[in-house]
file target_2.cif (mmCIF, C-alpha atoms and all ligand atoms)
data_my_file
loop_
_atom_site.group_PDB
_atom_site.id
_atom_site.type_symbol
_atom_site.label_atom_id
_atom_site.label_comp_id
_atom_site.auth_asym_id
_atom_site.auth_seq_id
_atom_site.Cartn_x
_atom_site.Cartn_y
_atom_site.Cartn_z
ATOM 1 C CA MET A 148 214.656 183.307 -53.252
ATOM 2 C CA ASP A 149 213.244 184.819 -50.055
ATOM 3 C CA ASP A 150 212.283 182.007 -47.616
ATOM 4 C CA LYS A 151 208.805 183.454 -46.993
ATOM 5 C CA ILE A 152 208.026 183.678 -50.718
ATOM 6 C CA LYS A 153 209.306 180.141 -51.235
ATOM 7 C CA GLU A 154 207.135 178.814 -48.390
ATOM 8 C CA LYS A 155 204.068 180.503 -49.855
ATOM 9 C CA GLN A 156 204.784 179.113 -53.323
ATOM 10 C CA LEU A 157 205.266 175.604 -51.934
ATOM 11 C CA GLU A 158 201.886 175.881 -50.194
ATOM 12 C CA ILE A 159 200.251 176.888 -53.477
ATOM 13 C CA LEU A 160 201.940 174.051 -55.362
ATOM 14 C CA LYS A 161 201.017 171.474 -52.707
ATOM 15 C CA LYS A 162 197.341 172.397 -53.095
ATOM 16 C CA ARG A 163 197.635 171.922 -56.856
ATOM 17 C CA VAL A 164 198.784 168.278 -56.643
ATOM 18 C CA ARG A 165 195.775 166.146 -57.558
ATOM 19 C CA ASN A 166 195.122 163.076 -55.415
ATOM 20 C CA ILE A 167 193.528 160.149 -57.239
ATOM 21 C CA PRO A 168 192.352 157.443 -54.827
ATOM 22 C CA ASP A 169 192.685 153.786 -55.840
ATOM 23 C CA PHE A 170 194.850 154.387 -58.920
ATOM 24 C CA PRO A 171 196.309 152.283 -60.492
ATOM 25 C CA ILE A 172 195.147 149.688 -57.938
ATOM 26 C CA PRO A 173 192.867 149.823 -54.865
ATOM 27 C CA GLY A 174 194.542 151.280 -51.770
ATOM 28 C CA ILE A 175 197.005 153.576 -53.597
ATOM 29 C CA GLN A 176 196.638 157.350 -53.216
ATOM 30 C CA PHE A 177 198.099 158.422 -56.533
ATOM 31 C CA LYS A 178 199.710 161.858 -56.537
ATOM 32 C CA ASP A 179 199.068 163.326 -59.978
ATOM 33 C CA VAL A 180 201.730 165.928 -60.790
ATOM 34 C CA THR A 181 200.294 166.865 -64.204
ATOM 35 C CA THR A 182 198.195 169.530 -62.450
ATOM 36 C CA LEU A 183 201.460 171.315 -61.533
ATOM 37 C CA PHE A 184 202.450 171.613 -65.181
ATOM 38 C CA ASP A 185 199.269 172.691 -66.906
ATOM 39 C CA THR A 186 199.615 176.472 -66.835
ATOM 40 C CA GLY A 187 202.633 178.613 -67.688
ATOM 41 C CA GLU A 188 202.429 180.293 -64.298
ATOM 42 C CA SER A 189 202.454 177.002 -62.375
ATOM 43 C CA LEU A 190 205.223 175.442 -64.477
ATOM 44 C CA LYS A 191 207.376 178.531 -63.992
ATOM 45 C CA MET A 192 206.763 178.606 -60.230
ATOM 46 C CA LEU A 193 207.607 174.919 -59.901
ATOM 47 C CA SER A 194 210.791 175.164 -61.965
ATOM 48 C CA LYS A 195 211.953 178.216 -59.982
ATOM 49 C CA VAL A 196 211.574 176.566 -56.574
ATOM 50 C CA LEU A 197 213.060 173.291 -57.822
ATOM 51 C CA VAL A 198 216.132 174.948 -59.295
ATOM 52 C CA ASP A 199 216.622 177.474 -56.477
ATOM 53 C CA GLU A 200 218.197 174.815 -54.259
ATOM 54 C CA TYR A 201 220.967 174.011 -56.752
ATOM 55 C CA ARG A 202 222.044 177.322 -58.282
ATOM 56 C CA ASN A 203 225.536 177.457 -56.781
ATOM 57 C CA LYS A 204 226.332 173.765 -56.594
ATOM 58 C CA GLY A 205 228.156 173.464 -59.909
ATOM 59 C CA ILE A 206 225.736 170.852 -61.277
ATOM 60 C CA THR A 207 226.984 169.640 -64.687
ATOM 61 C CA LYS A 208 224.378 166.924 -65.392
ATOM 62 C CA VAL A 209 220.733 166.488 -64.455
ATOM 63 C CA VAL A 210 219.747 162.818 -64.649
ATOM 64 C CA GLY A 211 216.002 162.170 -65.062
ATOM 65 C CA ILE A 212 214.305 158.847 -64.307
ATOM 66 C CA GLU A 213 211.782 157.509 -66.845
ATOM 67 C CA SER A 214 209.207 158.686 -67.276
ATOM 68 C CA ARG A 215 207.961 161.446 -64.981
ATOM 69 C CA GLY A 216 211.543 162.540 -64.320
ATOM 70 C CA PHE A 217 211.663 163.545 -67.999
ATOM 71 C CA ILE A 218 209.324 166.503 -67.483
ATOM 72 C CA MET A 219 211.064 168.784 -64.984
ATOM 73 C CA GLY A 220 214.527 167.201 -65.446
ATOM 74 C CA PRO A 221 215.343 168.898 -68.762
ATOM 75 C CA ILE A 222 213.813 172.189 -67.564
ATOM 76 C CA MET A 223 216.084 172.119 -64.506
ATOM 77 C CA ALA A 224 219.088 171.236 -66.686
ATOM 78 C CA LEU A 225 218.410 174.187 -68.957
ATOM 79 C CA GLU A 226 218.093 176.572 -65.993
ATOM 80 C CA LEU A 227 221.317 175.248 -64.431
ATOM 81 C CA ASN A 228 223.295 175.305 -67.696
ATOM 82 C CA ALA A 229 223.773 171.556 -67.273
ATOM 83 C CA GLY A 230 223.293 168.618 -69.619
ATOM 84 C CA PHE A 231 220.398 166.180 -69.358
ATOM 85 C CA VAL A 232 220.849 162.398 -69.151
ATOM 86 C CA PRO A 233 217.963 159.887 -69.186
ATOM 87 C CA ILE A 234 217.710 156.746 -67.059
ATOM 88 C CA ARG A 235 215.415 154.343 -68.886
ATOM 89 C CA LYS A 236 213.724 150.992 -68.540
ATOM 90 C CA PRO A 237 215.551 148.039 -70.187
ATOM 91 C CA GLY A 238 215.865 147.851 -73.956
ATOM 92 C CA LYS A 239 215.197 151.531 -74.685
ATOM 93 C CA LEU A 240 218.700 153.052 -74.775
ATOM 94 C CA PRO A 241 220.540 152.281 -78.022
ATOM 95 C CA ALA A 242 224.234 152.533 -77.024
ATOM 96 C CA ASP A 243 226.204 150.536 -74.384
ATOM 97 C CA VAL A 244 224.568 150.703 -70.947
ATOM 98 C CA PHE A 245 225.193 150.121 -67.271
ATOM 99 C CA GLU A 246 222.217 148.653 -65.440
ATOM 100 C CA GLU A 247 220.963 148.195 -61.904
ATOM 101 C CA GLU A 248 218.353 145.777 -60.592
ATOM 102 C CA TYR A 249 215.983 146.583 -57.759
ATOM 103 C CA GLU A 250 213.079 144.955 -55.990
ATOM 104 C CA LYS A 251 209.550 146.161 -56.664
ATOM 105 C CA GLU A 252 206.451 145.087 -54.799
ATOM 106 C CA TYR A 253 206.007 142.305 -57.319
ATOM 107 C CA GLY A 254 209.348 140.996 -58.593
ATOM 108 C CA ILE A 255 212.536 142.534 -59.874
ATOM 109 C CA ASP A 256 212.866 145.630 -62.060
ATOM 110 C CA LYS A 257 215.820 147.111 -63.900
ATOM 111 C CA ILE A 258 217.006 150.555 -65.010
ATOM 112 C CA GLN A 259 219.729 151.503 -67.475
ATOM 113 C CA ILE A 260 221.962 154.471 -68.323
ATOM 114 C CA HIS A 261 224.353 155.046 -71.234
ATOM 115 C CA LYS A 262 227.902 154.134 -70.213
ATOM 116 C CA ASP A 263 229.401 157.273 -71.752
ATOM 117 C CA SER A 264 226.804 159.708 -70.378
ATOM 118 C CA LEU A 265 228.734 160.748 -67.250
ATOM 119 C CA SER A 266 232.391 161.429 -66.478
ATOM 120 C CA PRO A 267 234.409 161.517 -63.211
ATOM 121 C CA ASP A 268 234.274 165.323 -63.189
ATOM 122 C CA ASP A 269 230.498 165.493 -63.231
ATOM 123 C CA ILE A 270 228.406 166.894 -60.393
ATOM 124 C CA VAL A 271 225.095 165.123 -60.828
ATOM 125 C CA LEU A 272 221.548 165.964 -59.802
ATOM 126 C CA ILE A 273 219.199 162.969 -60.080
ATOM 127 C CA HIS A 274 215.550 163.955 -60.383
ATOM 128 C CA ASP A 275 212.260 162.078 -60.225
ATOM 129 C CA ASP A 276 208.726 163.252 -59.544
ATOM 130 C CA LEU A 277 208.025 161.290 -56.383
ATOM 131 C CA LEU A 278 209.745 159.405 -53.553
ATOM 132 C CA ALA A 279 207.616 156.474 -52.341
ATOM 133 C CA THR A 280 209.532 153.414 -51.050
ATOM 134 C CA GLY A 281 212.700 154.836 -52.605
ATOM 135 C CA GLY A 282 213.599 151.653 -54.526
ATOM 136 C CA THR A 283 213.771 153.305 -57.939
ATOM 137 C CA MET A 284 215.883 156.278 -56.881
ATOM 138 C CA PHE A 285 218.170 154.169 -54.701
ATOM 139 C CA ALA A 286 218.931 151.945 -57.707
ATOM 140 C CA ALA A 287 219.649 155.070 -59.798
ATOM 141 C CA TYR A 288 221.862 156.471 -57.028
ATOM 142 C CA ASN A 289 223.846 153.208 -56.757
ATOM 143 C CA MET A 290 224.248 152.905 -60.519
ATOM 144 C CA ILE A 291 225.664 156.453 -60.775
ATOM 145 C CA LYS A 292 227.804 156.016 -57.663
ATOM 146 C CA LYS A 293 229.500 153.014 -59.345
ATOM 147 C CA MET A 294 230.180 155.159 -62.432
ATOM 148 C CA GLY A 295 232.341 157.371 -60.204
ATOM 149 C CA VAL A 296 231.248 161.028 -60.418
ATOM 150 C CA ARG A 297 232.358 163.940 -58.191
ATOM 151 C CA LYS A 298 229.101 164.373 -56.282
ATOM 152 C CA ILE A 299 225.471 163.240 -56.427
ATOM 153 C CA TYR A 300 222.430 165.269 -55.364
ATOM 154 C CA VAL A 301 218.980 163.667 -55.214
ATOM 155 C CA ASN A 302 215.776 165.616 -55.868
ATOM 156 C CA PHE A 303 212.018 164.981 -55.924
ATOM 157 C CA ILE A 304 208.967 167.168 -56.306
ATOM 158 C CA ILE A 305 207.011 165.038 -53.800
ATOM 159 C CA GLU A 306 207.872 162.763 -50.888
ATOM 160 C CA LEU A 307 205.423 160.302 -49.293
ATOM 161 C CA ALA A 308 206.961 160.760 -45.867
ATOM 162 C CA GLU A 309 205.280 157.844 -44.091
ATOM 163 C CA LEU A 310 206.911 155.352 -46.443
ATOM 164 C CA GLU A 311 210.320 156.543 -45.176
ATOM 165 C CA GLY A 312 212.003 156.040 -48.550
ATOM 166 C CA ARG A 313 214.763 158.471 -47.601
ATOM 167 C CA LYS A 314 215.988 156.031 -44.953
ATOM 168 C CA LEU A 315 217.377 153.799 -47.725
ATOM 169 C CA PHE A 316 220.025 156.409 -48.460
ATOM 170 C CA PRO A 317 223.233 156.983 -46.482
ATOM 171 C CA GLU A 318 222.873 159.980 -44.150
ATOM 172 C CA ASN A 319 225.415 162.076 -46.017
ATOM 173 C CA VAL A 320 223.390 162.004 -49.246
ATOM 174 C CA ASP A 321 221.947 165.407 -50.102
ATOM 175 C CA LEU A 322 218.274 164.492 -50.696
ATOM 176 C CA THR A 323 215.587 167.130 -51.170
ATOM 177 C CA ALA A 324 211.842 166.867 -51.751
ATOM 178 C CA LEU A 325 209.830 170.065 -52.218
ATOM 179 C CA ILE A 326 206.464 168.860 -50.985
ATOM 180 C CA ALA A 327 205.733 166.203 -48.359
ATOM 181 C CA PHE A 328 202.489 164.256 -48.040
ATOM 182 C CA ASP A 329 201.766 161.712 -45.309
ATOM 183 C CA LEU A 330 200.546 159.201 -47.891
HETATM 184 P P1 LIG B 1 209.427 154.063 -55.353
HETATM 185 O O1 LIG B 1 210.504 153.308 -56.085
HETATM 186 O O2 LIG B 1 208.575 153.193 -54.485
HETATM 187 O O3 LIG B 1 209.981 155.249 -54.579
HETATM 188 O O4 LIG B 1 208.418 154.610 -56.450
HETATM 189 C C1 LIG B 1 208.711 155.742 -57.136
HETATM 190 C C2 LIG B 1 208.118 155.787 -58.509
HETATM 191 O O5 LIG B 1 206.790 155.285 -58.568
HETATM 192 C C3 LIG B 1 208.090 157.225 -58.952
HETATM 193 O O6 LIG B 1 208.684 157.288 -60.233
HETATM 194 C C4 LIG B 1 206.627 157.614 -58.985
HETATM 195 O O7 LIG B 1 206.339 158.227 -60.209
HETATM 196 C C5 LIG B 1 205.832 156.314 -58.836
HETATM 197 N N1 LIG B 1 204.892 156.317 -57.669
HETATM 198 C C6 LIG B 1 204.931 155.497 -56.602
HETATM 199 N N2 LIG B 1 203.923 155.732 -55.747
HETATM 200 C C7 LIG B 1 203.222 156.756 -56.265
HETATM 201 C C8 LIG B 1 202.048 157.497 -55.850
HETATM 202 N N3 LIG B 1 201.381 157.236 -54.694
HETATM 203 N N4 LIG B 1 201.618 158.493 -56.638
HETATM 204 C C9 LIG B 1 202.260 158.785 -57.795
HETATM 205 N N5 LIG B 1 203.330 158.129 -58.249
HETATM 206 C C10 LIG B 1 203.832 157.118 -57.509
#
call {"tool": "encode", "arguments": {"input": "target_2.cif", "output": "structure tokens"}}
result
Amino acid sequence: MDDKIKEKQLEILKKRVRNIPDFPIPGIQFKDVTTLFDTGESLKMLSKVLVDEYRNKGITKVVGIESRGFIMGPIMALELNAGFVPIRKPGKLPADVFEEEYEKEYGIDKIQIHKDSLSPDDIVLIHDDLLATGGTMFAAYNMIKKMGVRKIYVNFIIELAELEGRKLFPENVDLTALIAFDL
């Protein structure tokens, strides 16, 4: 895609993200991505710019993080001729799982993935809607790294740049966010 067209489309999409102050608790500026999905034109534009980055990377699996990573994740997988694999909260996946713990603001959380969902030949794109502190995605990245795949790409629609979540990741990790907000 032409860089100028892409820039213009990203501007349009950024304006469409709805900010909800004090949700779910006071002090949080919640970035509502549902307003990017609610017309065919917007959904198509978003999927095009998301996928554009990864067309020639040989991605074989898109991994989506529950639950907002389950919206664009499968759309990207379809566009890239890749499979889709879910990462879920504990107790949801029925077959044998690997799991990874990570610290949240209040206490410890856990994510899981099916043990047989990825193979050493896979080139993986992990997708979630938003990078805040980075804890969730970093746990997903570490879990998949331990499974031993060929390469891991990391992708978000939105990044809250001031929280510096990307600093959690080693510098050589290919991490892309389409739209940056200060907070
Ligand atoms: P984190 O692990 O801190 O990077 O948090 C990322 C997860 O929390 C993502 O799956 C987001 O959906 C959600 N999240 C965190 N902060 C926000 C926010 N300000 N607006 C919308 N979603 C958020």
call {"tool": "residues_near_ligand", "arguments": {"input": "target_2.cif", "ligand": "ligand LIG 1 (chain B)", "cutoff": "7 Å", "atoms": "all atoms listed in the file", "output": "PDB file with C-alpha atoms, in the coordinates of the input"}}
result
ATOM      1  CA  ILE A 175     197.005 153.576 -53.597  1.00  0.00           C
ATOM      2  CA  GLN A 176     196.638 157.350 -53.216  1.00  0.00           C
ATOM      3  CA  PHE A 177     198.099 158.422 -56.533  1.00  0.00           C
ATOM      4  CA  LYS A 178     199.710 161.858 -56.537  1.00  0.00           C
ATOM      5  CA  ASP A 179     199.068 163.326 -59.978  1.00  0.00           C
ATOM      6  CA  ARG A 215     207.961 161.446 -64.981  1.00  0.00           C
ATOM      7  CA  ASP A 275     212.260 162.078 -60.225  1.00  0.00           C
ATOM      8  CA  ASP A 276     208.726 163.252 -59.544  1.00  0.00           C
ATOM      9  CA  LEU A 277     208.025 161.290 -56.383  1.00  0.00           C
ATOM     10  CA  LEU A 278     209.745 159.405 -53.553  1.00  0.00           C
ATOM     11  CA  ALA A 279     207.616 156.474 -52.341  1.00  0.00           C
ATOM     12  CA  THR A 280     209.532 153.414 -51.050  1.00  0.00           C
ATOM     13  CA  GLY A 281     212.700 154.836 -52.605  1.00  0.00           C
ATOM     14  CA  GLY A 282     213.599 151.653 -54.526  1.00  0.00           C
ATOM     15  CA  THR A 283     213.771 153.305 -57.939  1.00  0.00           C
ATOM     16  CA  MET A 284     215.883 156.278 -56.881  1.00  0.00           C
ATOM     17  CA  GLY A 312     212.003 156.040 -48.550  1.00  0.00           C
TER      18      GLY A 312
END
call {"tool": "residues_near_point", "arguments": {"input": "target_2.cif", "point": "(220.3, 164.6, -59.6)", "cutoff": "8 Å", "atoms": "all atoms listed in the file", "output": "PyMOL selection string"}}
result
chain A and resi 208-211+271-274+299-302
call {"tool": "resolve_selection", "arguments": {"input": "target_2.cif", "expression": "the PyMOL selection byres (((chain A and resi 153) around 12) and not hetatm)", "output": "number ranges by chain"}}
result
A: 148-152, 154-160, 192-200, 325-326
call {"tool": "closest_residue", "arguments": {"input": "target_2.cif", "among": "A:Arg163, A:Arg235, A:Lys314, A:Lys298", "to": "Gly216 (chain A)", "atoms": "all atoms listed in the file"}}
result
A:Arg235
call {"tool": "residues_around", "arguments": {"input": "target_2.cif", "residues": "region 236-247 of chain A", "least_positions_apart": "2", "cutoff": "10 Å", "atoms": "only C-alpha atoms", "output": "list of chain:residue names"}}
result
A:Ile212, A:Glu213, A:Ser214, A:Pro233, A:Ile234, A:Tyr249, A:Asp256, A:Lys257, A:Ile258, A:Gln259, A:Ile260, A:His261, A:Lys262, A:Asp263, A:Ser264, A:Thr283, A:Phe285, A:Ala286, A:Ala287, A:Tyr288, A:Asn289, A:Met290, A:Ile291, A:Lys293, A:Met294
call {"tool": "atom_distance", "arguments": {"input": "target_2.cif", "atom1": "CA of Ile255 (chain A)", "atom2": "CA of Leu315 (chain A)"}}
result
17.3 Å
call {"tool": "closest_residue", "arguments": {"input": "target_2.cif", "among": "A:Phe184, A:Phe170, A:Tyr201, A:Phe231", "to": "Leu322 (chain A)", "atoms": "all atoms listed in the file"}}
result
A:Tyr201
call {"tool": "closest_residue", "arguments": {"input": "target_2.cif", "among": "A:Thr181, A:Ser189, A:Thr207, A:Asn166", "to": "Glu226 (chain A)", "atoms": "all atoms listed in the file"}}
result
A:Thr207
call {"tool": "closest_residue", "arguments": {"input": "target_2.cif", "among": "A:Gly254, A:Glu248, A:Gly295, A:Leu307", "to": "Pro267 (chain A)", "atoms": "only C-alpha atoms"}}
result
A:Gly295
call {"tool": "atom_distance", "arguments": {"input": "target_2.cif", "atom1": "CA of Leu227 (chain A)", "atom2": "CA of Phe328 (chain A)"}}
result
27.3 Å
call {"tool": "atom_distance", "arguments": {"input": "target_2.cif", "atom1": "CA of Val296 (chain A)", "atom2": "CA of Asp269 (chain A)"}}
result
5.3 Å
call {"tool": "closest_residue", "arguments": {"input": "target_2.cif", "among": "A:Ala308, A:Val320, A:Gly205, A:Tyr253", "to": "Asp268 (chain A)", "atoms": "all atoms listed in the file"}}
result
A:Gly205
call {"tool": "closest_residue", "arguments": {"input": "target_2.cif", "among": "A:Lys191, A:Lys204, A:Lys251, A:Lys161", "to": "Ala324 (chain A)", "atoms": "all atoms listed in the file"}}
result
A:Lys161
call {"tool": "build_atoms", "arguments": {"input": "target_2.cif", "residues": "region 283-294 of chain A", "atoms": "all heavy atoms", "output": "mmCIF file, in the frame of the given file"}}
result
data_model
loop_
_atom_site.group_PDB
_atom_site.id
_atom_site.type_symbol
_atom_site.label_atom_id
_atom_site.label_comp_id
_atom_site.auth_asym_id
_atom_site.auth_seq_id
_atom_site.Cartn_x
_atom_site.Cartn_y
_atom_site.Cartn_z
ATOM 1 N N THR A 283 213.347 152.851 -56.611
ATOM 2 C CA THR A 283 213.771 153.305 -57.939
ATOM 3 C C THR A 283 214.955 154.277 -57.834
ATOM 4 O O THR A 283 215.978 154.099 -58.502
ATOM 5 C CB THR A 283 212.615 154.030 -58.671
ATOM 6 O OG1 THR A 283 211.410 153.297 -58.471
ATOM 7 C CG2 THR A 283 212.894 154.172 -60.142
ATOM 8 N N MET A 284 214.817 155.281 -56.999
ATOM 9 C CA MET A 284 215.883 156.278 -56.881
ATOM 10 C C MET A 284 217.142 155.681 -56.270
ATOM 11 O O MET A 284 218.255 156.037 -56.656
ATOM 12 C CB MET A 284 215.390 157.476 -56.055
ATOM 13 C CG MET A 284 216.403 158.582 -55.904
ATOM 14 S SD MET A 284 216.990 159.255 -57.490
ATOM 15 C CE MET A 284 215.789 160.544 -57.796
ATOM 16 N N PHE A 285 216.987 154.755 -55.330
ATOM 17 C CA PHE A 285 218.170 154.169 -54.701
ATOM 18 C C PHE A 285 218.968 153.364 -55.736
ATOM 19 O O PHE A 285 220.203 153.396 -55.739
ATOM 20 C CB PHE A 285 217.766 153.293 -53.514
ATOM 21 C CG PHE A 285 218.930 152.883 -52.653
ATOM 22 C CD1 PHE A 285 219.811 153.836 -52.155
ATOM 23 C CD2 PHE A 285 219.161 151.542 -52.355
ATOM 24 C CE1 PHE A 285 220.911 153.458 -51.366
ATOM 25 C CE2 PHE A 285 220.253 151.166 -51.573
ATOM 26 C CZ PHE A 285 221.120 152.124 -51.077
ATOM 27 N N ALA A 286 218.256 152.682 -56.634
ATOM 28 C CA ALA A 286 218.931 151.945 -57.707
ATOM 29 C C ALA A 286 219.668 152.934 -58.624
ATOM 30 O O ALA A 286 220.818 152.705 -59.015
ATOM 31 C CB ALA A 286 217.920 151.134 -58.517
ATOM 32 N N ALA A 287 219.021 154.046 -58.947
ATOM 33 C CA ALA A 287 219.649 155.070 -59.798
ATOM 34 C C ALA A 287 220.884 155.639 -59.105
ATOM 35 O O ALA A 287 221.948 155.798 -59.714
ATOM 36 C CB ALA A 287 218.646 156.188 -60.093
ATOM 37 N N TYR A 288 220.751 155.929 -57.815
ATOM 38 C CA TYR A 288 221.862 156.471 -57.028
ATOM 39 C C TYR A 288 223.050 155.494 -57.045
ATOM 40 O O TYR A 288 224.198 155.888 -57.296
ATOM 41 C CB TYR A 288 221.386 156.741 -55.594
ATOM 42 C CG TYR A 288 222.483 157.119 -54.651
ATOM 43 C CD1 TYR A 288 222.973 158.420 -54.608
ATOM 44 C CD2 TYR A 288 223.053 156.164 -53.803
ATOM 45 C CE1 TYR A 288 223.999 158.765 -53.748
ATOM 46 C CE2 TYR A 288 224.091 156.498 -52.944
ATOM 47 C CZ TYR A 288 224.553 157.800 -52.915
ATOM 48 O OH TYR A 288 225.584 158.147 -52.077
ATOM 49 N N ASN A 289 222.770 154.210 -56.801
ATOM 50 C CA ASN A 289 223.846 153.208 -56.757
ATOM 51 C C ASN A 289 224.521 153.047 -58.117
ATOM 52 O O ASN A 289 225.740 152.900 -58.194
ATOM 53 C CB ASN A 289 223.308 151.866 -56.267
ATOM 54 C CG ASN A 289 223.080 151.892 -54.771
ATOM 55 O OD1 ASN A 289 223.833 152.525 -54.031
ATOM 56 N ND2 ASN A 289 222.031 151.234 -54.308
ATOM 57 N N MET A 290 223.707 153.058 -59.169
ATOM 58 C CA MET A 290 224.248 152.905 -60.519
ATOM 59 C C MET A 290 225.222 154.061 -60.834
ATOM 60 O O MET A 290 226.323 153.840 -61.356
ATOM 61 C CB MET A 290 223.085 152.868 -61.522
ATOM 62 C CG MET A 290 223.476 152.577 -62.939
ATOM 63 S SD MET A 290 222.046 152.133 -63.949
ATOM 64 C CE MET A 290 221.120 153.644 -63.970
ATOM 65 N N ILE A 291 224.831 155.283 -60.482
ATOM 66 C CA ILE A 291 225.664 156.453 -60.775
ATOM 67 C C ILE A 291 226.888 156.504 -59.860
ATOM 68 O O ILE A 291 227.980 156.874 -60.268
ATOM 69 C CB ILE A 291 224.814 157.738 -60.692
ATOM 70 C CG1 ILE A 291 223.817 157.736 -61.861
ATOM 71 C CG2 ILE A 291 225.681 158.984 -60.717
ATOM 72 C CD1 ILE A 291 222.779 158.806 -61.816
ATOM 73 N N LYS A 292 226.689 156.063 -58.619
ATOM 74 C CA LYS A 292 227.804 156.016 -57.663
ATOM 75 C C LYS A 292 228.919 155.112 -58.230
ATOM 76 O O LYS A 292 230.102 155.456 -58.173
ATOM 77 C CB LYS A 292 227.271 155.474 -56.339
ATOM 78 C CG LYS A 292 228.236 155.437 -55.217
ATOM 79 C CD LYS A 292 227.845 156.456 -54.145
ATOM 80 C CE LYS A 292 228.902 156.478 -53.056
ATOM 81 N NZ LYS A 292 229.545 157.740 -52.881
ATOM 82 N N LYS A 293 228.513 153.959 -58.774
ATOM 83 C CA LYS A 293 229.500 153.014 -59.345
ATOM 84 C C LYS A 293 230.212 153.615 -60.554
ATOM 85 O O LYS A 293 231.334 153.235 -60.856
ATOM 86 C CB LYS A 293 228.799 151.723 -59.789
ATOM 87 C CG LYS A 293 228.424 150.810 -58.647
ATOM 88 C CD LYS A 293 227.758 149.554 -59.190
ATOM 89 C CE LYS A 293 226.831 148.951 -58.146
ATOM 90 N NZ LYS A 293 225.844 148.039 -58.729
ATOM 91 N N MET A 294 229.555 154.532 -61.258
ATOM 92 C CA MET A 294 230.180 155.159 -62.432
ATOM 93 C C MET A 294 231.278 156.127 -62.006
ATOM 94 O O MET A 294 232.123 156.503 -62.812
ATOM 95 C CB MET A 294 229.119 155.890 -63.276
ATOM 96 C CG MET A 294 228.164 154.931 -63.973
ATOM 97 S SD MET A 294 226.743 155.777 -64.718
ATOM 98 C CE MET A 294 227.459 156.377 -66.256
#
